[in-house]
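See structure below.
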Amino acid sequence: MKESQIIEGTVFSIERFSLHDGPGIRTTVFLKGCPLSCIWCHNPEGRRAGPQLRYFAQECIGCMACVQACPNGVHTFTDGVHRVDFSRCKACRACENVCVAGALRVEGHRMSAEAVISEVLKDRIYYGEEGGLTISGGEPLLQTAFCVRLARLAKENGISVCVETAGDVPREALEAMRDCTDLFLYDYKMSDEEKLRRYTGGNLGRILDNLAYLAAHQARVVLRCPIICGINDDDGHFRAIAALSQRLGIREVELMPYHNYGKGKWEQIGEPYALADMETVSKQEGARMNERLHMFLEEAAQGRTNERL
C-alpha cells in the first residue's frame, strides 16, 4: 500500500473533549462495524458495518416531509404518530436530507484518514502531555488499513494514539497497529467461554491469544472490564481478571460497572434492548466492586511472590 493512497473508513461519530477513552483530554473517533453482539452494548449504532438510520422521536415535529421523500416506505404516520419501519430502510439519506428538525440521522459516513486527522488537529491545543487521539467503535480494527493510516498521520503530527479493541480480530490487525499505537484499551468482557458466546458471540481463545501477543511485545495495555450485574459480577470472573493481569504483566486494570446510558439508542435504531430493566450500578456498588478486584489482585501478586520463594 502506498502512503499517498487515499484510505477511507466508515465513521459514525467524532467526539471531542473525551475524558474516559484514555489518559488526558482526547478526541475519540468511532468506527462502524463489530464482530460481537454484546447485549449491553452502549454504542449499538456502531455494530453494523454500513450506514444505519437512527430516529430521535422527541425531535420529530410531525411535518411528514420524510414520508414524501423516502422511496422505500420507511415512514408512516398513524393518528399523528410517526412510525419507522427500519427493515425497509436502505440508508439512502433522503429522509435525513429533508428533516429540518434533525429527528432523522443516518449513522456512518465514509471519510478519508486525512479528513479525520484534520478534525483531530483542531483539538491539538487541548491535549497537553497526556491527551490525543483514541480510535474506538464498534470494533475499529475491523477497518485495519484505515486505522493504520489514521494512527500514522497522528504520530506524524506528534499526537499520541490509543486504540480501544475487544481483541476478537485477526492477529494481523494487531501486528499492523502495534508500532503506531501508544496504548491499547483492551476490553475483557468474560472469562467463561460459554458465557462469552452466549452474551457477546465472541471467541475467548482468540481474545486471550491476542492479548498475550500484545503483552509479549511489550505493548502498553489497559485491561478494561465491563461488569454486568448477574452476568459477570461473580468472584470467579474477578479472580480470573486478577490472574490474567498477573500472568501477562498487565499493571493497569479498570472495571467499568454497567450503566444504562445507551438504552435509548437501541430504540432509536429500532432494536430491542435485552437489559431494559437493569439500573445503572451506583457509585457505592462500583466502589465495592473495585475493592473486591483489588483484593484478588493482591492475592494473585502474593501467589506469584510465593512461587518465587
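In the C-alpha cells, chains take the letters A, B, ... in the order shown, each chain's residues start at 1, and ligands count up from 1 in the order shown.
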
When you look at range 169-173 of chain A with a cut-off of 8 Å (counting only C-alpha atoms), what residues show up, excluding the ones that are within fewer than 2 positions of it in the same chain? I need them as a PDB file with C-alpha atoms, in the first residue's frame.
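Saved the output as out_22.pdb:
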ATOM      1  CA  LEU A 141      -9.588  -2.934  13.994  1.00  0.00           C
ATOM      2  CA  LEU A 142     -12.052  -4.408  11.507  1.00  0.00           C
ATOM      3  CA  THR A 144      -7.318  -2.106   9.804  1.00  0.00           C
ATOM      4  CA  ALA A 166     -12.171  -6.168  22.264  1.00  0.00           C
ATOM      5  CA  GLY A 167      -9.403  -8.262  20.704  1.00  0.00           C
ATOM      6  CA  GLU A 175       0.543  -6.676  14.148  1.00  0.00           C
ATOM      7  CA  ALA A 176      -0.204  -3.771  11.832  1.00  0.00           C
ATOM      8  CA  MET A 177      -1.211  -1.420  14.651  1.00  0.00           C
ATOM      9  CA  ARG A 206      -8.654 -15.576  20.083  1.00  0.00           C
ATOM     10  CA  ILE A 207      -9.189 -12.739  22.573  1.00  0.00           C
ATOM     11  CA  ASN A 210      -4.224 -11.578  21.017  1.00  0.00           C
TER      12      ASN A 210
END

Compile the contact shell of Glu96 in chain A as a PDB file with all heavy atoms, in the first residue's frame: residues with an atom at most 10 Å away, counting only C-alpha atoms, same-chain residues fewer than 5 positions apart removed.
ATOM      1  N   LEU A  53     -29.990   3.971   9.814  1.00  0.00           N
ATOM      2  CA  LEU A  53     -30.904   5.037  10.199  1.00  0.00           C
ATOM      3  C   LEU A  53     -31.117   5.066  11.710  1.00  0.00           C
ATOM      4  O   LEU A  53     -31.237   4.024  12.359  1.00  0.00           O
ATOM      5  CB  LEU A  53     -32.262   4.849   9.512  1.00  0.00           C
ATOM      6  CG  LEU A  53     -33.342   5.892   9.838  1.00  0.00           C
ATOM      7  CD1 LEU A  53     -32.919   7.276   9.335  1.00  0.00           C
ATOM      8  CD2 LEU A  53     -34.686   5.478   9.236  1.00  0.00           C
ATOM      9  N   ARG A  54     -31.184   6.274  12.248  1.00  0.00           N
ATOM     10  CA  ARG A  54     -31.473   6.486  13.670  1.00  0.00           C
ATOM     11  C   ARG A  54     -32.558   7.553  13.789  1.00  0.00           C
ATOM     12  O   ARG A  54     -32.481   8.597  13.132  1.00  0.00           O
ATOM     13  CB  ARG A  54     -30.199   6.920  14.388  1.00  0.00           C
ATOM     14  CG  ARG A  54     -30.291   6.998  15.897  1.00  0.00           C
ATOM     15  CD  ARG A  54     -28.899   7.245  16.464  1.00  0.00           C
ATOM     16  NE  ARG A  54     -28.910   7.504  17.882  1.00  0.00           N
ATOM     17  CZ  ARG A  54     -27.848   7.901  18.589  1.00  0.00           C
ATOM     18  NH1 ARG A  54     -26.682   8.060  17.975  1.00  0.00           N
ATOM     19  NH2 ARG A  54     -27.935   8.121  19.883  1.00  0.00           N
ATOM     20  N   TYR A  55     -33.564   7.269  14.595  1.00  0.00           N
ATOM     21  CA  TYR A  55     -34.725   8.158  14.713  1.00  0.00           C
ATOM     22  C   TYR A  55     -34.834   8.697  16.136  1.00  0.00           C
ATOM     23  O   TYR A  55     -34.960   7.931  17.092  1.00  0.00           O
ATOM     24  CB  TYR A  55     -36.000   7.406  14.336  1.00  0.00           C
ATOM     25  CG  TYR A  55     -37.283   8.139  14.651  1.00  0.00           C
ATOM     26  CD1 TYR A  55     -37.485   9.451  14.219  1.00  0.00           C
ATOM     27  CD2 TYR A  55     -38.302   7.520  15.380  1.00  0.00           C
ATOM     28  CE1 TYR A  55     -38.662  10.126  14.509  1.00  0.00           C
ATOM     29  CE2 TYR A  55     -39.482   8.181  15.670  1.00  0.00           C
ATOM     30  CZ  TYR A  55     -39.653   9.485  15.234  1.00  0.00           C
ATOM     31  OH  TYR A  55     -40.826  10.157  15.531  1.00  0.00           O
ATOM     32  N   ALA A  65     -42.466  15.391   6.002  1.00  0.00           N
ATOM     33  CA  ALA A  65     -41.636  15.532   4.802  1.00  0.00           C
ATOM     34  C   ALA A  65     -40.930  14.225   4.474  1.00  0.00           C
ATOM     35  O   ALA A  65     -40.702  13.901   3.302  1.00  0.00           O
ATOM     36  CB  ALA A  65     -40.620  16.652   4.998  1.00  0.00           C
ATOM     37  N   CYS A  66     -40.610  13.444   5.509  1.00  0.00           N
ATOM     38  CA  CYS A  66     -39.907  12.185   5.299  1.00  0.00           C
ATOM     39  C   CYS A  66     -40.759  11.174   4.537  1.00  0.00           C
ATOM     40  O   CYS A  66     -40.232  10.358   3.767  1.00  0.00           O
ATOM     41  CB  CYS A  66     -39.467  11.591   6.641  1.00  0.00           C
ATOM     42  SG  CYS A  66     -40.811  11.363   7.828  1.00  0.00           S
ATOM     43  N   ALA A  69     -40.382  11.993   0.935  1.00  0.00           N
ATOM     44  CA  ALA A  69     -39.024  11.863   0.416  1.00  0.00           C
ATOM     45  C   ALA A  69     -38.563  10.414   0.306  1.00  0.00           C
ATOM     46  O   ALA A  69     -37.810  10.070  -0.613  1.00  0.00           O
ATOM     47  CB  ALA A  69     -38.057  12.649   1.300  1.00  0.00           C
ATOM     48  N   CYS A  70     -39.008   9.559   1.212  1.00  0.00           N
ATOM     49  CA  CYS A  70     -38.482   8.195   1.268  1.00  0.00           C
ATOM     50  C   CYS A  70     -39.033   7.339   0.125  1.00  0.00           C
ATOM     51  O   CYS A  70     -40.248   7.205  -0.030  1.00  0.00           O
ATOM     52  CB  CYS A  70     -38.831   7.546   2.603  1.00  0.00           C
ATOM     53  SG  CYS A  70     -38.267   5.831   2.733  1.00  0.00           S
ATOM     54  N   ALA A  91     -30.827   3.222   3.869  1.00  0.00           N
ATOM     55  CA  ALA A  91     -29.846   4.247   4.249  1.00  0.00           C
ATOM     56  C   ALA A  91     -29.514   5.177   3.093  1.00  0.00           C
ATOM     57  O   ALA A  91     -28.349   5.569   2.912  1.00  0.00           O
ATOM     58  CB  ALA A  91     -28.576   3.604   4.812  1.00  0.00           C
ATOM     59  N   ALA A 101     -35.952  19.187  11.486  1.00  0.00           N
ATOM     60  CA  ALA A 101     -35.876  19.126  12.943  1.00  0.00           C
ATOM     61  C   ALA A 101     -34.700  18.300  13.437  1.00  0.00           C
ATOM     62  O   ALA A 101     -34.403  18.286  14.637  1.00  0.00           O
ATOM     63  CB  ALA A 101     -37.172  18.548  13.513  1.00  0.00           C
ATOM     64  N   GLY A 102     -34.036  17.591  12.544  1.00  0.00           N
ATOM     65  CA  GLY A 102     -32.917  16.747  12.942  1.00  0.00           C
ATOM     66  C   GLY A 102     -33.338  15.483  13.663  1.00  0.00           C
ATOM     67  O   GLY A 102     -32.561  14.915  14.434  1.00  0.00           O
ATOM     68  N   ALA A 103     -34.560  15.013  13.406  1.00  0.00           N
ATOM     69  CA  ALA A 103     -35.062  13.806  14.060  1.00  0.00           C
ATOM     70  C   ALA A 103     -34.573  12.534  13.382  1.00  0.00           C
ATOM     71  O   ALA A 103     -34.683  11.446  13.954  1.00  0.00           O
ATOM     72  CB  ALA A 103     -36.591  13.823  14.087  1.00  0.00           C
ATOM     73  N   LEU A 104     -34.057  12.651  12.178  1.00  0.00           N
ATOM     74  CA  LEU A 104     -33.598  11.500  11.421  1.00  0.00           C
ATOM     75  C   LEU A 104     -32.130  11.680  11.062  1.00  0.00           C
ATOM     76  O   LEU A 104     -31.729  12.743  10.556  1.00  0.00           O
ATOM     77  CB  LEU A 104     -34.437  11.324  10.150  1.00  0.00           C
ATOM     78  CG  LEU A 104     -35.919  11.032  10.386  1.00  0.00           C
ATOM     79  CD1 LEU A 104     -36.733  11.251   9.127  1.00  0.00           C
ATOM     80  CD2 LEU A 104     -36.098   9.612  10.916  1.00  0.00           C
ATOM     81  N   ARG A 105     -31.354  10.656  11.343  1.00  0.00           N
ATOM     82  CA  ARG A 105     -29.927  10.732  11.061  1.00  0.00           C
ATOM     83  C   ARG A 105     -29.427   9.366  10.633  1.00  0.00           C
ATOM     84  O   ARG A 105     -29.735   8.361  11.282  1.00  0.00           O
ATOM     85  CB  ARG A 105     -29.156  11.191  12.300  1.00  0.00           C
ATOM     86  CG  ARG A 105     -27.677  11.452  12.025  1.00  0.00           C
ATOM     87  CD  ARG A 105     -27.047  12.209  13.169  1.00  0.00           C
ATOM     88  NE  ARG A 105     -26.778  11.372  14.325  1.00  0.00           N
ATOM     89  CZ  ARG A 105     -26.766  11.823  15.586  1.00  0.00           C
ATOM     90  NH1 ARG A 105     -27.069  13.080  15.839  1.00  0.00           N
ATOM     91  NH2 ARG A 105     -26.490  10.998  16.585  1.00  0.00           N
ATOM     92  N   VAL A 106     -28.683   9.329   9.544  1.00  0.00           N
ATOM     93  CA  VAL A 106     -28.055   8.084   9.109  1.00  0.00           C
ATOM     94  C   VAL A 106     -26.650   8.047   9.690  1.00  0.00           C
ATOM     95  O   VAL A 106     -25.812   8.901   9.382  1.00  0.00           O
ATOM     96  CB  VAL A 106     -28.030   7.974   7.568  1.00  0.00           C
ATOM     97  CG1 VAL A 106     -27.256   6.721   7.157  1.00  0.00           C
ATOM     98  CG2 VAL A 106     -29.446   7.926   7.021  1.00  0.00           C
TER      99      VAL A 106
END

Closest of A:Ile250, A:Ala243, A:Ala276, A:Val161 to Gly303 in chain A - atom-to-atom distances counting only C-alpha atoms: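 The shortest atom-to-atom distance to Gly303 in chain A comes from A:Ala243.
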
Contacts of Gly138 in chain A at 7 Å (only C-alpha atoms; same-chain gap of 6+ positions) as a list in words: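 Once the nearby chain positions are removed, what remains is Phe30, Leu31, Lys32, Gly33, Cys34, Gly46 and Arg47 of chain A.
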
Distance query Val11 in chain A at most 12 Å, only C-alpha atoms, self and fewer than 3 positions along chain excluded, as an NGL selection string: :A and (8 or 14-15 or 28-33 or 45-52 or 106-113 or 115-116 or 135-140 or 143 or 146-147)

Go ahead and save the picked residues with N, CA and C atoms, as a short mmCIF file (atom, residue, chain, number, x, y, z; two decimals), in the first residue's frame.
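Final output, again.cif:
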data_model
loop_
_atom_site.label_atom_id
_atom_site.label_comp_id
_atom_site.auth_asym_id
_atom_site.auth_seq_id
_atom_site.Cartn_x
_atom_site.Cartn_y
_atom_site.Cartn_z
N GLU A 8 -10.11 5.22 3.05
CA GLU A 8 -11.34 5.68 3.67
C GLU A 8 -11.84 4.68 4.69
N ILE A 14 -17.38 11.57 15.84
CA ILE A 14 -16.12 12.12 16.33
C ILE A 14 -16.45 12.96 17.54
N GLU A 15 -16.01 12.51 18.71
CA GLU A 15 -16.37 13.18 19.96
C GLU A 15 -15.15 13.89 20.54
N THR A 28 -12.10 11.29 20.30
CA THR A 28 -12.37 9.89 20.03
C THR A 28 -13.10 9.75 18.70
N VAL A 29 -12.54 8.93 17.83
CA VAL A 29 -13.13 8.65 16.52
C VAL A 29 -13.75 7.26 16.58
N PHE A 30 -15.06 7.19 16.36
CA PHE A 30 -15.78 5.93 16.44
C PHE A 30 -16.03 5.38 15.04
N LEU A 31 -15.59 4.14 14.83
CA LEU A 31 -15.72 3.49 13.53
C LEU A 31 -16.82 2.43 13.55
N LYS A 32 -17.49 2.28 12.42
CA LYS A 32 -18.61 1.33 12.31
C LYS A 32 -18.10 -0.10 12.15
N GLY A 33 -18.94 -1.03 12.65
CA GLY A 33 -18.69 -2.45 12.45
C GLY A 33 -18.13 -3.12 13.68
N GLU A 45 -25.40 1.60 17.63
CA GLU A 45 -25.38 2.18 16.29
C GLU A 45 -24.05 1.95 15.60
N GLY A 46 -23.06 1.44 16.34
CA GLY A 46 -21.75 1.16 15.77
C GLY A 46 -21.55 -0.29 15.40
N ARG A 47 -22.52 -1.16 15.68
CA ARG A 47 -22.31 -2.59 15.44
C ARG A 47 -22.36 -2.94 13.96
N ARG A 48 -23.33 -2.42 13.25
CA ARG A 48 -23.48 -2.73 11.82
C ARG A 48 -22.39 -2.00 11.02
N ALA A 49 -21.82 -2.70 10.05
CA ALA A 49 -20.70 -2.14 9.30
C ALA A 49 -21.09 -0.96 8.42
N GLY A 50 -22.27 -1.00 7.85
CA GLY A 50 -22.69 0.04 6.93
C GLY A 50 -23.53 1.12 7.59
N PRO A 51 -23.92 2.15 6.83
CA PRO A 51 -24.77 3.23 7.35
C PRO A 51 -26.09 2.68 7.88
N GLN A 52 -26.66 3.38 8.87
CA GLN A 52 -27.84 2.88 9.57
C GLN A 52 -28.68 4.06 10.04
N VAL A 106 -28.68 9.33 9.54
CA VAL A 106 -28.05 8.08 9.11
C VAL A 106 -26.65 8.05 9.69
N GLU A 107 -26.43 7.07 10.56
CA GLU A 107 -25.13 6.93 11.22
C GLU A 107 -24.16 6.20 10.30
N GLY A 108 -23.02 6.82 10.07
CA GLY A 108 -21.99 6.19 9.25
C GLY A 108 -21.72 6.95 7.98
N HIS A 109 -20.55 7.59 7.91
CA HIS A 109 -20.13 8.34 6.73
C HIS A 109 -18.73 7.87 6.33
N ARG A 110 -18.52 7.76 5.04
CA ARG A 110 -17.18 7.45 4.54
C ARG A 110 -16.33 8.70 4.63
N MET A 111 -15.16 8.54 5.26
CA MET A 111 -14.23 9.65 5.40
C MET A 111 -12.82 9.15 5.14
N SER A 112 -12.01 9.99 4.56
CA SER A 112 -10.60 9.64 4.39
C SER A 112 -9.89 9.85 5.71
N ALA A 113 -8.77 9.15 5.88
CA ALA A 113 -7.97 9.34 7.09
C ALA A 113 -7.49 10.77 7.19
N ALA A 115 -9.09 13.45 6.13
CA ALA A 115 -10.20 14.30 6.58
C ALA A 115 -10.41 14.16 8.07
N VAL A 116 -10.27 12.94 8.59
CA VAL A 116 -10.45 12.72 10.02
C VAL A 116 -9.33 13.40 10.81
N ILE A 135 -9.01 5.81 18.91
CA ILE A 135 -9.78 5.17 17.84
C ILE A 135 -10.62 4.08 18.48
N SER A 136 -11.94 4.20 18.33
CA SER A 136 -12.85 3.28 19.00
C SER A 136 -13.92 2.83 18.03
N GLY A 137 -14.98 2.22 18.55
CA GLY A 137 -16.02 1.71 17.67
C GLY A 137 -17.32 1.44 18.40
N GLY A 138 -18.05 0.43 17.95
CA GLY A 138 -17.69 -0.70 17.13
C GLY A 138 -16.35 -1.32 17.53
N GLU A 139 -15.85 -2.11 16.61
CA GLU A 139 -14.51 -2.68 16.72
C GLU A 139 -13.66 -2.05 15.63
N PRO A 140 -12.85 -1.04 15.98
CA PRO A 140 -12.12 -0.28 14.96
C PRO A 140 -11.16 -1.12 14.13
N GLN A 143 -11.44 -2.29 10.51
CA GLN A 143 -11.01 -1.39 9.42
C GLN A 143 -9.52 -1.12 9.59
N PHE A 146 -7.47 1.56 7.44
CA PHE A 146 -7.85 2.93 7.81
C PHE A 146 -7.24 3.30 9.16
N CYS A 147 -7.31 2.39 10.13
CA CYS A 147 -6.73 2.66 11.45
C CYS A 147 -5.23 2.91 11.36
#

Nearest residue to Tyr258 in chain A from the set A:Met289, A:Ile231, A:Ala240, A:Val281 (distances using only C-alpha atoms):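 Closest to Tyr258 in chain A, using only C-alpha atoms: A:Val281.
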
Interface rows for range 125-224 of chain A against range 232-237 of chain A: nearest pair, Å to one decimal, 12 Å, only C-alpha atoms, as a tab-separated table:
residue	atom	partner	partner_atom	distance
A:Tyr188	CA	A:His237	CA	10.5
A:Lys189	CA	A:Asn232	CA	8.0
A:Met190	CA	A:Asn232	CA	6.7
A:Ser191	CA	A:His237	CA	5.8
A:Asp192	CA	A:His237	CA	7.7
A:Glu193	CA	A:His237	CA	11.3
A:Glu194	CA	A:Asn232	CA	11.9
A:Lys195	CA	A:Asn232	CA	8.6
A:Leu196	CA	A:Asn232	CA	9.6
A:Tyr199	CA	A:Asn232	CA	10.2

For the selection just defined, write its residues with N, CA and C atoms to a file, as a compact mmCIF listing (two decimals), in the first residue's frame.
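Below is the file that was written, result-v8.txt:
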# COMPACT_ATOMS: atom_id res chain seq x y z
N TYR A 188 -11.97 -6.60 28.15
CA TYR A 188 -12.01 -8.02 28.52
C TYR A 188 -13.34 -8.27 29.21
N LYS A 189 -14.24 -8.94 28.50
CA LYS A 189 -15.64 -8.99 28.91
C LYS A 189 -16.00 -10.20 29.75
N MET A 190 -15.46 -11.34 29.42
CA MET A 190 -15.83 -12.59 30.10
C MET A 190 -14.62 -13.50 30.24
N SER A 191 -14.57 -14.26 31.32
CA SER A 191 -13.53 -15.26 31.48
C SER A 191 -14.08 -16.66 31.29
N ASP A 192 -15.38 -16.78 31.10
CA ASP A 192 -16.05 -18.06 30.87
C ASP A 192 -16.43 -18.15 29.39
N GLU A 193 -15.91 -19.16 28.71
CA GLU A 193 -16.09 -19.27 27.26
C GLU A 193 -17.54 -19.39 26.86
N GLU A 194 -18.32 -20.20 27.59
CA GLU A 194 -19.72 -20.40 27.24
C GLU A 194 -20.51 -19.11 27.43
N LYS A 195 -20.25 -18.40 28.53
CA LYS A 195 -20.93 -17.13 28.78
C LYS A 195 -20.57 -16.10 27.72
N LEU A 196 -19.30 -16.07 27.34
CA LEU A 196 -18.88 -15.11 26.32
C LEU A 196 -19.64 -15.34 25.02
N TYR A 199 -23.49 -14.26 25.54
CA TYR A 199 -23.82 -12.86 25.73
C TYR A 199 -23.16 -11.91 24.74

Closest of A:Cys89, A:Leu185, A:Ile117, A:Leu214 to His20 in chain A - atom-to-atom distances counting only C-alpha atoms: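 Counting only C-alpha atoms, the residue closest to His20 in chain A is A:Leu185.
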
Alpha helix (DSSP H) residues, from DSSP on the backbone, in range 17-215 of chain A, as a PyMOL selection string: chain A and resi 65-69+94-98+113-121+144-156+171-177+193-200+204-215

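Residues surrounding Leu36 in chain A within 6 Å are Thr200, Gly201 and Gly202 of chain A [only C-alpha atoms; sequence separation below 3 positions excluded].
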
Test item: residues at most 7 Å from Pro226 in chain A, only C-alpha atoms, excluding those fewer than 2 positions along its chain, as a PyMOL selection string: chain A and resi 189+224+228+255-258

Based on the selection just made, write C-alpha atoms of those residues as a compact mmCIF listing (two decimals), in the first residue's frame.
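Okay, selection.txt is ready:
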# COMPACT_ATOMS: atom_id res chain seq x y z
CA LYS A 189 -15.64 -8.99 28.91
CA ARG A 224 -10.85 -2.69 30.75
CA ILE A 228 -22.75 -6.54 34.23
CA LEU A 255 -13.53 -2.03 35.98
CA MET A 256 -16.39 -0.46 34.05
CA PRO A 257 -19.57 -1.13 36.06
CA TYR A 258 -22.75 -1.30 33.98

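When only C-alpha atoms are used to compute distances to Asn260 in chain A, the closest of the residues A:Glu59, A:Glu291, A:Glu299, A:Asp277 turns out to be A:Asp277.
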
Separation of CA of Glu129 in chain A from CA of Lys155 in chain A, in Å and rounded to one decimal: 13.8 Å

Counting only C-alpha atoms, the residue of A:Gly62, A:Gly80, A:Gly132, A:Pro71 that sits nearest Cys99 in chain A: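 Smallest separation from Cys99 in chain A among the options: A:Gly62.
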
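Residue nearest Arg292 in chain A, chosen from A:Gly249, A:Gly270, A:Tyr126, A:Ile241 and counting only C-alpha atoms: A:Ile241.
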
Separation of CA of Tyr273 in chain A from CA of Phe184 in chain A in Å: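 Here the two named atoms are 28.5 Å from each other.
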
Separation of CA of Cys60 in chain A from CA of His42 in chain A, in Å and rounded to one decimal: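 About the pair CA of Cys60 in chain A and CA of His42 in chain A: they are 23.1 Å apart.
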